>>> print(open('protein_27.cif').read())   # mmCIF, C-alpha atoms
data_target
#
loop_
_atom_site.group_PDB
_atom_site.id
_atom_site.type_symbol
_atom_site.label_atom_id
_atom_site.label_comp_id
_atom_site.auth_asym_id
_atom_site.auth_seq_id
_atom_site.Cartn_x
_atom_site.Cartn_y
_atom_site.Cartn_z
ATOM 1 C CA MET Z 1 0.000 0.000 0.000
ATOM 2 C CA SER Z 2 0.988 3.602 -0.415
ATOM 3 C CA ASP Z 3 1.944 5.576 2.657
ATOM 4 C CA ILE Z 4 -1.323 7.500 2.418
ATOM 5 C CA MET Z 5 -3.247 4.227 2.576
ATOM 6 C CA SER Z 6 -1.118 3.113 5.526
ATOM 7 C CA TYR Z 7 -1.920 6.349 7.307
ATOM 8 C CA LEU Z 8 -5.633 5.928 6.561
ATOM 9 C CA PHE Z 9 -5.492 2.699 8.560
ATOM 10 C CA GLU Z 10 -3.160 4.046 11.237
ATOM 11 C CA THR Z 11 -5.417 7.025 11.955
ATOM 12 C CA LYS Z 12 -8.559 4.868 11.620
ATOM 13 C CA ALA Z 13 -9.738 7.167 8.856
ATOM 14 C CA VAL Z 14 -11.379 4.209 7.098
ATOM 15 C CA LYS Z 15 -14.430 2.848 8.908
ATOM 16 C CA PHE Z 16 -16.483 -0.170 7.903
ATOM 17 C CA CYS Z 17 -20.127 -0.520 8.867
ATOM 18 C CA GLU Z 18 -21.544 -3.258 11.036
ATOM 19 C CA GLU Z 19 -23.469 -5.885 9.116
ATOM 20 C CA ASN Z 20 -26.747 -4.474 7.739
ATOM 21 C CA LYS Z 21 -25.992 -0.973 9.029
ATOM 22 C CA PRO Z 22 -24.507 1.031 6.134
ATOM 23 C CA PHE Z 23 -23.502 4.650 6.552
ATOM 24 C CA PHE Z 24 -25.332 7.647 5.091
ATOM 25 C CA LEU Z 25 -23.119 9.842 2.899
ATOM 26 C CA THR Z 26 -23.452 13.601 2.372
ATOM 27 C CA SER Z 27 -25.171 12.960 -0.955
ATOM 28 C CA GLY Z 28 -27.931 10.888 0.662
ATOM 29 C CA MET Z 29 -26.537 7.675 -0.809
ATOM 30 C CA ILE Z 30 -25.483 4.843 1.517
ATOM 31 C CA SER Z 31 -22.246 2.898 1.770
ATOM 32 C CA PRO Z 32 -20.787 -0.079 3.692
ATOM 33 C CA TYR Z 33 -17.717 1.988 4.513
ATOM 34 C CA PHE Z 34 -16.845 5.564 5.320
ATOM 35 C CA VAL Z 35 -13.632 7.472 4.865
ATOM 36 C CA ASN Z 36 -12.843 10.224 7.372
ATOM 37 C CA THR Z 37 -9.975 11.666 5.355
ATOM 38 C CA HIS Z 38 -9.637 14.581 7.754
ATOM 39 C CA PHE Z 39 -8.273 12.143 10.360
ATOM 40 C CA LEU Z 40 -5.006 12.517 8.432
ATOM 41 C CA TYR Z 41 -4.770 15.760 10.382
ATOM 42 C CA GLY Z 42 -3.019 13.462 12.842
ATOM 43 C CA ASN Z 43 -5.584 11.314 14.601
ATOM 44 C CA GLU Z 44 -9.315 11.102 15.208
ATOM 45 C CA LYS Z 45 -9.372 13.226 18.372
ATOM 46 C CA GLU Z 46 -7.287 16.066 16.980
ATOM 47 C CA ALA Z 47 -9.255 16.048 13.729
ATOM 48 C CA THR Z 48 -12.611 16.005 15.529
ATOM 49 C CA ASP Z 49 -11.547 18.756 17.928
ATOM 50 C CA PHE Z 50 -10.401 20.878 15.008
ATOM 51 C CA LEU Z 51 -13.736 20.405 13.209
ATOM 52 C CA ALA Z 52 -15.554 21.469 16.377
ATOM 53 C CA TYR Z 53 -13.282 24.529 16.523
ATOM 54 C CA ILE Z 54 -14.138 25.374 12.906
ATOM 55 C CA ASP Z 55 -17.830 25.178 13.815
ATOM 56 C CA THR Z 56 -17.324 27.905 16.428
ATOM 57 C CA LEU Z 57 -15.954 30.192 13.701
ATOM 58 C CA LEU Z 58 -18.675 29.791 11.081
ATOM 59 C CA GLU Z 59 -20.566 32.922 12.152
ATOM 60 C CA ASP Z 60 -17.398 35.040 11.913
ATOM 61 C CA ARG Z 61 -16.519 34.423 8.297
ATOM 62 C CA ILE Z 62 -14.134 37.333 7.840
ATOM 63 C CA ASN Z 63 -11.809 36.070 10.594
ATOM 64 C CA LEU Z 64 -12.318 32.342 10.021
ATOM 65 C CA PRO Z 65 -9.671 31.827 7.291
ATOM 66 C CA LYS Z 66 -6.802 33.239 9.366
ATOM 67 C CA LYS Z 67 -7.810 31.349 12.510
ATOM 68 C CA VAL Z 68 -8.101 28.087 10.566
ATOM 69 C CA PHE Z 69 -4.734 28.723 8.921
ATOM 70 C CA GLU Z 70 -3.014 29.314 12.248
ATOM 71 C CA LYS Z 71 -4.212 25.906 13.455
ATOM 72 C CA VAL Z 72 -3.195 23.984 10.337
ATOM 73 C CA LEU Z 73 0.187 25.696 10.179
ATOM 74 C CA SER Z 74 0.938 24.667 13.751
ATOM 75 C CA GLN Z 75 -0.228 21.111 13.034
ATOM 76 C CA TYR Z 76 1.868 20.969 9.853
ATOM 77 C CA GLU Z 77 4.937 21.968 11.826
ATOM 78 C CA ASN Z 78 4.309 19.441 14.603
ATOM 79 C CA ASN Z 79 2.597 16.356 13.146
ATOM 80 C CA ASP Z 80 4.424 14.038 10.751
ATOM 81 C CA ILE Z 81 1.289 12.395 9.298
ATOM 82 C CA PHE Z 82 -0.358 15.717 8.482
ATOM 83 C CA LYS Z 83 2.867 17.156 7.086
ATOM 84 C CA TYR Z 84 3.367 14.093 4.878
ATOM 85 C CA THR Z 85 -0.203 14.366 3.575
ATOM 86 C CA ILE Z 86 0.094 18.050 2.738
ATOM 87 C CA ASP Z 87 3.527 17.648 1.165
ATOM 88 C CA THR Z 88 2.251 14.745 -0.942
ATOM 89 C CA MET Z 89 -0.679 16.846 -2.173
ATOM 90 C CA VAL Z 90 1.643 19.715 -3.063
ATOM 91 C CA LYS Z 91 3.930 17.359 -4.975
ATOM 92 C CA ALA Z 92 0.968 15.834 -6.827
ATOM 93 C CA ILE Z 93 -0.161 19.310 -7.843
ATOM 94 C CA THR Z 94 3.277 20.439 -9.006
ATOM 95 C CA ASP Z 95 3.744 17.166 -10.903
ATOM 96 C CA ASN Z 96 0.457 17.536 -12.777
ATOM 97 C CA VAL Z 97 -0.167 21.257 -13.168
ATOM 98 C CA ASN Z 98 1.895 24.212 -14.309
ATOM 99 C CA VAL Z 99 1.686 26.052 -11.007
ATOM 100 C CA SER Z 100 2.278 29.407 -12.685
ATOM 101 C CA GLU Z 101 -1.127 28.959 -14.346
ATOM 102 C CA ILE Z 102 -2.937 28.694 -10.985
ATOM 103 C CA ASP Z 103 -4.241 32.020 -9.699
ATOM 104 C CA TYR Z 104 -6.070 30.752 -6.599
ATOM 105 C CA ILE Z 105 -6.278 27.739 -4.318
ATOM 106 C CA SER Z 106 -9.796 27.232 -2.978
ATOM 107 C CA GLY Z 107 -11.332 25.072 -0.302
ATOM 108 C CA GLY Z 108 -14.957 24.480 0.584
ATOM 109 C CA GLU Z 109 -16.788 24.326 3.888
ATOM 110 C CA ARG Z 110 -15.550 22.573 6.026
ATOM 111 C CA ARG Z 111 -13.161 19.638 5.629
ATOM 112 C CA ASP Z 112 -11.433 21.045 2.563
ATOM 113 C CA TRP Z 113 -9.921 23.658 4.875
ATOM 114 C CA TYR Z 114 -7.760 21.027 6.578
ATOM 115 C CA PHE Z 115 -5.815 20.884 3.313
ATOM 116 C CA SER Z 116 -6.461 23.914 1.085
ATOM 117 C CA ASN Z 117 -5.124 26.584 3.439
ATOM 118 C CA MET Z 118 -1.718 24.944 3.850
ATOM 119 C CA ILE Z 119 -1.463 24.218 0.122
ATOM 120 C CA ALA Z 120 -2.161 27.870 -0.669
ATOM 121 C CA TYR Z 121 0.549 28.895 1.797
ATOM 122 C CA LEU Z 122 3.154 26.475 0.455
ATOM 123 C CA LEU Z 123 2.422 27.367 -3.180
ATOM 124 C CA LYS Z 124 2.224 31.071 -2.300
ATOM 125 C CA LYS Z 125 -1.186 31.455 -3.910
ATOM 126 C CA PRO Z 126 -4.112 33.515 -2.575
ATOM 127 C CA HIS Z 127 -6.843 31.384 -1.028
ATOM 128 C CA LEU Z 128 -10.590 31.354 -1.639
ATOM 129 C CA THR Z 129 -12.643 30.183 1.334
ATOM 130 C CA LEU Z 130 -15.918 28.888 -0.109
ATOM 131 C CA PHE Z 131 -19.119 28.379 1.857
ATOM 132 C CA LYS Z 132 -22.025 26.114 1.002
ATOM 133 C CA ASP Z 133 -24.281 29.132 0.417
ATOM 134 C CA LEU Z 134 -21.765 30.173 -2.313
ATOM 135 C CA GLU Z 135 -20.331 33.124 -0.381
ATOM 136 C CA ALA Z 136 -16.569 33.489 -0.837
ATOM 137 C CA PHE Z 137 -13.686 35.192 0.948
ATOM 138 C CA GLU Z 138 -10.252 35.915 -0.506
ATOM 139 C CA SER Z 139 -7.127 35.747 1.642
ATOM 140 C CA THR Z 140 -3.490 36.454 0.890
ATOM 141 C CA TYR Z 141 -1.363 33.302 0.787
ATOM 142 C CA ASP Z 142 -0.198 33.868 4.380
ATOM 143 C CA PHE Z 143 -3.730 34.803 5.503
ATOM 144 C CA SER Z 144 -2.560 38.178 6.802
ATOM 145 C CA THR Z 145 -5.588 39.823 5.174
ATOM 146 C CA THR Z 146 -9.016 38.509 4.210
ATOM 147 C CA GLU Z 147 -11.930 40.200 2.468
ATOM 148 C CA LYS Z 148 -15.219 39.180 0.959
ATOM 149 C CA VAL Z 149 -14.932 38.711 -2.798
ATOM 150 C CA THR Z 150 -17.582 38.743 -5.536
ATOM 151 C CA ASN Z 151 -15.520 38.845 -8.743
ATOM 152 C CA ILE Z 152 -12.119 37.342 -9.603
ATOM 153 C CA GLN Z 153 -12.360 38.389 -13.257
ATOM 154 C CA GLY Z 154 -11.740 35.144 -15.100
ATOM 155 C CA LYS Z 155 -8.838 33.968 -12.940
ATOM 156 C CA THR Z 156 -8.101 30.268 -12.535
ATOM 157 C CA VAL Z 157 -8.754 28.124 -9.471
ATOM 158 C CA LEU Z 158 -7.558 24.792 -8.088
ATOM 159 C CA ASN Z 159 -9.782 23.364 -5.354
ATOM 160 C CA ALA Z 160 -8.199 21.157 -2.698
ATOM 161 C CA SER Z 161 -10.472 18.616 -1.018
ATOM 162 C CA ASP Z 162 -10.459 15.757 1.431
ATOM 163 C CA LEU Z 163 -12.228 13.238 -0.812
ATOM 164 C CA VAL Z 164 -14.630 12.804 -3.710
ATOM 165 C CA THR Z 165 -17.554 10.373 -3.746
ATOM 166 C CA VAL Z 166 -20.193 11.476 -6.265
ATOM 167 C CA ALA Z 167 -18.930 15.093 -6.289
ATOM 168 C CA SER Z 168 -22.170 16.388 -4.745
ATOM 169 C CA ASN Z 169 -20.487 19.278 -2.915
ATOM 170 C CA TYR Z 170 -18.738 20.305 -6.120
ATOM 171 C CA VAL Z 171 -21.934 20.220 -8.161
ATOM 172 C CA ARG Z 172 -24.075 21.934 -5.517
ATOM 173 C CA SER Z 173 -21.599 24.473 -4.176
ATOM 174 C CA TRP Z 174 -17.961 24.728 -5.268
ATOM 175 C CA ILE Z 175 -18.454 24.838 -9.046
ATOM 176 C CA PRO Z 176 -21.351 27.351 -8.808
ATOM 177 C CA ALA Z 177 -19.427 29.439 -6.247
ATOM 178 C CA VAL Z 178 -16.437 29.849 -8.554
ATOM 179 C CA LYS Z 179 -18.713 30.535 -11.536
ATOM 180 C CA ASN Z 180 -20.477 33.229 -9.511
ATOM 181 C CA LEU Z 181 -17.085 34.846 -8.995
ATOM 182 C CA ASN Z 182 -16.492 34.813 -12.764
ATOM 183 C CA GLY Z 183 -13.617 32.432 -12.116
ATOM 184 C CA LYS Z 184 -12.543 29.204 -13.785
ATOM 185 C CA LEU Z 185 -12.326 26.041 -11.676
ATOM 186 C CA LEU Z 186 -9.851 24.085 -13.798
ATOM 187 C CA TRP Z 187 -8.245 21.628 -11.383
ATOM 188 C CA THR Z 188 -8.931 19.785 -8.166
ATOM 189 C CA CYS Z 189 -6.661 17.752 -5.927
ATOM 190 C CA TYR Z 190 -8.145 15.425 -3.320
ATOM 191 C CA VAL Z 191 -6.685 12.867 -0.978
ATOM 192 C CA VAL Z 192 -9.102 9.993 -1.599
ATOM 193 C CA ASP Z 193 -11.143 8.986 -4.624
ATOM 194 C CA ARG Z 194 -13.952 6.702 -3.468
ATOM 195 C CA LYS Z 195 -14.328 5.488 -7.066
ATOM 196 C CA GLU Z 196 -18.067 6.108 -7.151
ATOM 197 C CA GLY Z 197 -18.335 8.321 -10.203
ATOM 198 C CA GLY Z 198 -17.356 11.689 -8.777
ATOM 199 C CA THR Z 199 -14.109 11.891 -10.703
ATOM 200 C CA GLU Z 200 -15.954 11.248 -13.976
ATOM 201 C CA ILE Z 201 -18.514 13.946 -13.119
ATOM 202 C CA LEU Z 202 -15.734 16.458 -12.494
ATOM 203 C CA GLN Z 203 -13.976 15.515 -15.699
ATOM 204 C CA LYS Z 204 -17.198 16.150 -17.633
ATOM 205 C CA GLU Z 205 -17.088 19.653 -16.146
ATOM 206 C CA ASN Z 206 -13.624 19.960 -17.742
ATOM 207 C CA ILE Z 207 -11.917 19.908 -14.355
ATOM 208 C CA LYS Z 208 -8.572 18.099 -14.211
ATOM 209 C CA THR Z 209 -8.596 15.690 -11.263
ATOM 210 C CA ILE Z 210 -5.637 14.668 -9.112
ATOM 211 C CA SER Z 211 -6.000 12.092 -6.332
ATOM 212 C CA LEU Z 212 -3.494 10.535 -3.948
ATOM 213 C CA ALA Z 213 -5.316 7.264 -3.249
ATOM 214 C CA CYS Z 214 -8.431 5.364 -4.232
ATOM 215 C CA VAL Z 215 -10.642 2.954 -2.365
ATOM 216 C CA ASP Z 216 -10.751 -0.405 -4.122
ATOM 217 C CA ASN Z 217 -10.630 -4.163 -3.487
ATOM 218 C CA SER Z 218 -6.982 -4.094 -2.427
ATOM 219 C CA LEU Z 219 -7.925 -1.855 0.490
ATOM 220 C CA PHE Z 220 -10.786 -4.157 1.512
ATOM 221 C CA GLU Z 221 -8.615 -7.264 1.288
ATOM 222 C CA LYS Z 222 -5.969 -5.623 3.462
ATOM 223 C CA ALA Z 223 -8.627 -4.825 6.061
ATOM 224 C CA PHE Z 224 -9.741 -8.463 5.983
ATOM 225 C CA GLU Z 225 -6.161 -9.693 6.416
ATOM 226 C CA LEU Z 226 -5.755 -7.419 9.419
ATOM 227 C CA GLY Z 227 -8.963 -8.748 10.991
ATOM 228 C CA ILE Z 228 -10.719 -5.386 10.736
ATOM 229 C CA ILE Z 229 -13.646 -6.914 8.794
ATOM 230 C CA ASN Z 230 -15.109 -10.410 8.432
ATOM 231 C CA GLN Z 231 -15.874 -12.437 5.306
ATOM 232 C CA ALA Z 232 -19.487 -11.251 5.046
ATOM 233 C CA GLN Z 233 -18.353 -7.631 5.203
ATOM 234 C CA LEU Z 234 -15.623 -8.285 2.638
ATOM 235 C CA ASP Z 235 -18.157 -9.854 0.271
ATOM 236 C CA MET Z 236 -20.463 -6.835 0.534
ATOM 237 C CA LEU Z 237 -17.576 -4.415 0.071
ATOM 238 C CA LYS Z 238 -16.421 -6.193 -3.084
ATOM 239 C CA ALA Z 239 -19.964 -6.277 -4.426
ATOM 240 C CA PHE Z 240 -20.302 -2.599 -3.612
ATOM 241 C CA TYR Z 241 -17.073 -1.788 -5.428
ATOM 242 C CA LYS Z 242 -18.239 -3.722 -8.498
ATOM 243 C CA ASP Z 243 -21.677 -2.036 -8.582
ATOM 244 C CA HIS Z 244 -22.330 0.290 -5.665
ATOM 245 C CA PHE Z 245 -25.797 1.360 -6.859
ATOM 246 C CA THR Z 246 -27.250 -2.123 -7.344
ATOM 247 C CA THR Z 247 -25.659 -3.478 -4.162
ATOM 248 C CA MET Z 248 -27.153 -0.735 -1.988
ATOM 249 C CA ARG Z 249 -30.488 -0.771 -3.828
ATOM 250 C CA ASP Z 250 -30.776 -4.524 -3.212
ATOM 251 C CA PHE Z 251 -29.918 -3.937 0.447
ATOM 252 C CA LEU Z 252 -32.706 -1.361 0.810
ATOM 253 C CA VAL Z 253 -35.211 -3.622 -0.918
ATOM 254 C CA ASN Z 254 -34.306 -6.491 1.411
ATOM 255 C CA HIS Z 255 -34.129 -4.326 4.543
ATOM 256 C CA PRO Z 256 -37.031 -1.823 4.434
ATOM 257 C CA GLU Z 257 -36.646 -1.337 8.176
ATOM 258 C CA PHE Z 258 -33.348 0.477 7.575
ATOM 259 C CA ILE Z 259 -35.006 3.613 6.172
ATOM 260 C CA GLU Z 260 -37.899 3.361 8.632
ATOM 261 C CA GLU Z 261 -35.480 3.459 11.557
ATOM 262 C CA ALA Z 262 -33.389 6.234 10.025
ATOM 263 C CA LEU Z 263 -36.481 8.436 9.685
ATOM 264 C CA LYS Z 264 -36.991 8.101 13.455
ATOM 265 C CA SER Z 265 -33.476 9.351 14.173
ATOM 266 C CA THR Z 266 -32.978 12.342 16.464
ATOM 267 C CA ASN Z 267 -29.701 13.129 14.694
ATOM 268 C CA GLU Z 268 -30.265 16.142 12.443
ATOM 269 C CA ARG Z 269 -27.535 15.116 9.997
ATOM 270 C CA THR Z 270 -28.945 11.600 9.621
ATOM 271 C CA LEU Z 271 -32.454 12.977 9.051
ATOM 272 C CA LYS Z 272 -31.198 15.383 6.395
ATOM 273 C CA ARG Z 273 -29.394 12.622 4.550
ATOM 274 C CA VAL Z 274 -32.190 10.042 4.692
ATOM 275 C CA LYS Z 275 -34.593 12.690 3.373
ATOM 276 C CA LEU Z 276 -32.224 13.337 0.477
ATOM 277 C CA LEU Z 277 -32.398 9.604 -0.238
ATOM 278 C CA THR Z 278 -36.175 9.259 0.045
ATOM 279 C CA GLU Z 279 -37.348 12.554 -1.429
ATOM 280 C CA GLY Z 280 -34.890 12.295 -4.297
ATOM 281 C CA ASN Z 281 -35.677 8.579 -4.711
ATOM 282 C CA LEU Z 282 -31.942 8.099 -5.208
ATOM 283 C CA TYR Z 283 -32.229 4.321 -5.557
ATOM 284 C CA ASN Z 284 -35.372 4.205 -7.746
ATOM 285 C CA LEU Z 285 -37.276 2.268 -5.107
#
>>> encode(input="protein_27.cif", output="structure tokens")
Amino acid sequence: MSDIMSYLFETKAVKFCEENKPFFLTSGMISPYFVNTHFLYGNEKEATDFLAYIDTLLEDRINLPKKVFEKVLSQYENNDIFKYTIDTMVKAITDNVNVSEIDYISGGERRDWYFSNMIAYLLKKPHLTLFKDLEAFESTYDFSTTEKVTNIQGKTVLNASDLVTVASNYVRSWIPAVKNLNGKLLWTCYVVDRKEGGTEILQKENIKTISLACVDNSLFEKAFELGIINQAQLDMLKAFYKDHFTTMRDFLVNHPEFIEEALKSTNERTLKRVKLLTEGNLYNL
């Protein structure tokens, strides 16, 4: 495995569901595994604490970019896993893009900011902090100044992300946000490609994609060898990788209680995601 994959296991960034209890994804789709790429910040606790810290800043958007940057800079200087991840992303970008053609590095609310701010700093590019409601803030590469921005006059953008599944955040927010700024989102670099169609969607938008690692059968087999999952879980994971839509649709057909229970959840995030699934009829049930 690559070092990134090794670190995904070491930080427990890859989680597999219990039998018959798949995870809800941001898109409303379901999956037998989940990838918490932001755990590459160092470990689960540090990553979770940092996300909670970001949440406290969301109402103070003008000061958020600098405060986030100060945290990631300190972590970069003190945590080998995070530093390796960031350095690997920077190398992947410089290997695949003429950096002189990049005008901005962007990152979207919220997990992109674990990565995009440091990449902007290391590449000495101004940073665009994008929010889900399409509002944007421009910072200097060292985040010494930040201001709200509404027009970048045709300049080019590379978005740095944690992972891509079906590219729902890109389609709903990041692509429209950059278009609203009269910018051109030409490239994206993300740590993990879940291999569920998101990369192809981005490529159809004429966005060059760069990923460090992908989730495939070799990852599942390694988890089985390490005793992280059992044979039944491995079988479902392989079936999911071969045809994620049919595998999860068949699961929902055979386990109608799964959605019924999810709709009773008191967790706001779960309710939002199950409603995306049901109201959008994502699995043609």
>>> atom_distance(input="protein_27.cif", atom1="atom CA of Thr199 of chain Z", atom2="atom CA of Ser27 of chain Z")
14.8 Å
>>> resolve_selection(input="protein_27.cif", expression="the PyMOL selection byres ((chain Z and resi 113) around 9)", output="JSON list (two decimals) with C-alpha atoms, keeping the file's coordinate frame")
[["chain", "number", "residue", "atom", "x", "y", "z"],
["Z", 65, "PRO", "CA", -9.67, 31.83, 7.29],
["Z", 68, "VAL", "CA", -8.10, 28.09, 10.57],
["Z", 69, "PHE", "CA", -4.73, 28.72, 8.92],
["Z", 72, "VAL", "CA", -3.20, 23.98, 10.34],
["Z", 106, "SER", "CA", -9.80, 27.23, -2.98],
["Z", 107, "GLY", "CA", -11.33, 25.07, -0.30],
["Z", 108, "GLY", "CA", -14.96, 24.48, 0.58],
["Z", 109, "GLU", "CA", -16.79, 24.33, 3.89],
["Z", 110, "ARG", "CA", -15.55, 22.57, 6.03],
["Z", 111, "ARG", "CA", -13.16, 19.64, 5.63],
["Z", 112, "ASP", "CA", -11.43, 21.04, 2.56],
["Z", 114, "TYR", "CA", -7.76, 21.03, 6.58],
["Z", 115, "PHE", "CA", -5.82, 20.88, 3.31],
["Z", 116, "SER", "CA", -6.46, 23.91, 1.08],
["Z", 117, "ASN", "CA", -5.12, 26.58, 3.44],
["Z", 118, "MET", "CA", -1.72, 24.94, 3.85],
["Z", 129, "THR", "CA", -12.64, 30.18, 1.33],
["Z", 160, "ALA", "CA", -8.20, 21.16, -2.70],
["Z", 161, "SER", "CA", -10.47, 18.62, -1.02],
["Z", 162, "ASP", "CA", -10.46, 15.76, 1.43]]
>>> closest_residue(input="protein_27.cif", among="Z:Ser144, Z:Asn43, Z:Asn36, Z:Asn20", to="Lys67 of chain Z", atoms="all atoms listed in the file")
Z:Ser144
>>> residues_near_point(input="protein_27.cif", point="(-25.6, 4.5, 0.5)", cutoff="10 Å", atoms="all atoms listed in the file", output="JSON, numbers by chain")
{"Z": [22, 23, 24, 25, 26, 27, 28, 29, 30, 31, 32, 33, 240, 244, 245, 247, 248, 249, 251, 252, 273, 274, 277, 282, 283]}
>>> resolve_selection(input="protein_27.cif", expression="the PyMOL selection byres ((chain Z and resi 93) around 12)", output="mmCIF file with C-alpha atoms, keeping the file's coordinate frame")
data_model
loop_
_atom_site.group_PDB
_atom_site.id
_atom_site.type_symbol
_atom_site.label_atom_id
_atom_site.label_comp_id
_atom_site.auth_asym_id
_atom_site.auth_seq_id
_atom_site.Cartn_x
_atom_site.Cartn_y
_atom_site.Cartn_z
ATOM 1 C CA ILE Z 86 0.094 18.050 2.738
ATOM 2 C CA ASP Z 87 3.527 17.648 1.165
ATOM 3 C CA THR Z 88 2.251 14.745 -0.942
ATOM 4 C CA MET Z 89 -0.679 16.846 -2.173
ATOM 5 C CA VAL Z 90 1.643 19.715 -3.063
ATOM 6 C CA LYS Z 91 3.930 17.359 -4.975
ATOM 7 C CA ALA Z 92 0.968 15.834 -6.827
ATOM 8 C CA THR Z 94 3.277 20.439 -9.006
ATOM 9 C CA ASP Z 95 3.744 17.166 -10.903
ATOM 10 C CA ASN Z 96 0.457 17.536 -12.777
ATOM 11 C CA VAL Z 97 -0.167 21.257 -13.168
ATOM 12 C CA ASN Z 98 1.895 24.212 -14.309
ATOM 13 C CA VAL Z 99 1.686 26.052 -11.007
ATOM 14 C CA SER Z 100 2.278 29.407 -12.685
ATOM 15 C CA GLU Z 101 -1.127 28.959 -14.346
ATOM 16 C CA ILE Z 102 -2.937 28.694 -10.985
ATOM 17 C CA ILE Z 105 -6.278 27.739 -4.318
ATOM 18 C CA SER Z 116 -6.461 23.914 1.085
ATOM 19 C CA ILE Z 119 -1.463 24.218 0.122
ATOM 20 C CA ALA Z 120 -2.161 27.870 -0.669
ATOM 21 C CA LEU Z 122 3.154 26.475 0.455
ATOM 22 C CA LEU Z 123 2.422 27.367 -3.180
ATOM 23 C CA LEU Z 158 -7.558 24.792 -8.088
ATOM 24 C CA ASN Z 159 -9.782 23.364 -5.354
ATOM 25 C CA ALA Z 160 -8.199 21.157 -2.698
ATOM 26 C CA TRP Z 187 -8.245 21.628 -11.383
ATOM 27 C CA THR Z 188 -8.931 19.785 -8.166
ATOM 28 C CA CYS Z 189 -6.661 17.752 -5.927
ATOM 29 C CA TYR Z 190 -8.145 15.425 -3.320
ATOM 30 C CA VAL Z 191 -6.685 12.867 -0.978
ATOM 31 C CA LYS Z 208 -8.572 18.099 -14.211
ATOM 32 C CA THR Z 209 -8.596 15.690 -11.263
ATOM 33 C CA ILE Z 210 -5.637 14.668 -9.112
ATOM 34 C CA SER Z 211 -6.000 12.092 -6.332
ATOM 35 C CA LEU Z 212 -3.494 10.535 -3.948
#
>>> atom_distance(input="protein_27.cif", atom1="atom CA of Gly197 of chain Z", atom2="atom CA of Val166 of chain Z")
5.4 Å
>>> resolve_selection(input="protein_27.cif", expression="the PyMOL selection byres ((chain Z and resi 181) around 7)", output="PyMOL selection string")
chain Z and resi 150-152+177-180+182-183
>>> atom_distance(input="protein_27.cif", atom1="atom CA of Leu276 of chain Z", atom2="atom CA of Lys195 of chain Z")
20.9 Å
>>> residues_around(input="protein_27.cif", residues="Phe34 of chain Z", least_positions_apart="4", cutoff="7 Å", atoms="only C-alpha atoms", output="PyMOL selection string")
chain Z and resi 14-16+23
>>> closest_residue(input="protein_27.cif", among="Z:Lys204, Z:Thr146, Z:Tyr141, Z:Gly227", to="Ala167 of chain Z", atoms="all atoms listed in the file")
Z:Lys204
>>> residues_around(input="protein_27.cif", residues="Tyr76 of chain Z", least_positions_apart="5", cutoff="9 Å", atoms="only C-alpha atoms", output="JSON list (two decimals) with C-alpha atoms, in the coordinates of the input")
[["chain", "number", "residue", "atom", "x", "y", "z"],
["Z", 41, "TYR", "CA", -4.77, 15.76, 10.38],
["Z", 71, "LYS", "CA", -4.21, 25.91, 13.46],
["Z", 81, "ILE", "CA", 1.29, 12.40, 9.30],
["Z", 82, "PHE", "CA", -0.36, 15.72, 8.48],
["Z", 83, "LYS", "CA", 2.87, 17.16, 7.09],
["Z", 84, "TYR", "CA", 3.37, 14.09, 4.88],
["Z", 86, "ILE", "CA", 0.09, 18.05, 2.74],
["Z", 118, "MET", "CA", -1.72, 24.94, 3.85]]
>>> residues_around(input="protein_27.cif", residues="Glu46 of chain Z", least_positions_apart="2", cutoff="12 Å", atoms="all atoms listed in the file", output="PyMOL selection string")
chain Z and resi 11+38-44+48-53+71-72+75+79+82+114
>>> build_atoms(input="protein_27.cif", residues="segment 216-225 of chain Z", atoms="N, CA and C atoms", output="CSV table (one decimal), in the frame of the given file")
chain,number,residue,atom,x,y,z
Z,216,ASP,N,-10.4,0.7,-3.2
Z,216,ASP,CA,-10.8,-0.4,-4.1
Z,216,ASP,C,-10.6,-1.7,-3.4
Z,217,ASN,N,-10.7,-2.8,-4.1
Z,217,ASN,CA,-10.6,-4.2,-3.5
Z,217,ASN,C,-9.3,-4.4,-2.7
Z,218,SER,N,-8.2,-3.9,-3.1
Z,218,SER,CA,-7.0,-4.1,-2.4
Z,218,SER,C,-7.0,-3.5,-1.0
Z,219,LEU,N,-7.7,-2.4,-0.8
Z,219,LEU,CA,-7.9,-1.9,0.5
Z,219,LEU,C,-8.8,-2.8,1.4
Z,220,PHE,N,-9.9,-3.3,0.8
Z,220,PHE,CA,-10.8,-4.2,1.5
Z,220,PHE,C,-10.1,-5.5,1.9
Z,221,GLU,N,-9.3,-6.0,1.0
Z,221,GLU,CA,-8.6,-7.3,1.3
Z,221,GLU,C,-7.6,-7.1,2.4
Z,222,LYS,N,-6.9,-5.9,2.4
Z,222,LYS,CA,-6.0,-5.6,3.5
Z,222,LYS,C,-6.7,-5.5,4.8
Z,223,ALA,N,-7.9,-4.9,4.8
Z,223,ALA,CA,-8.6,-4.8,6.1
Z,223,ALA,C,-9.0,-6.2,6.6
Z,224,PHE,N,-9.4,-7.1,5.6
Z,224,PHE,CA,-9.7,-8.5,6.0
Z,224,PHE,C,-8.5,-9.2,6.6
Z,225,GLU,N,-7.4,-9.0,5.9
Z,225,GLU,CA,-6.2,-9.7,6.4
Z,225,GLU,C,-5.8,-9.2,7.8
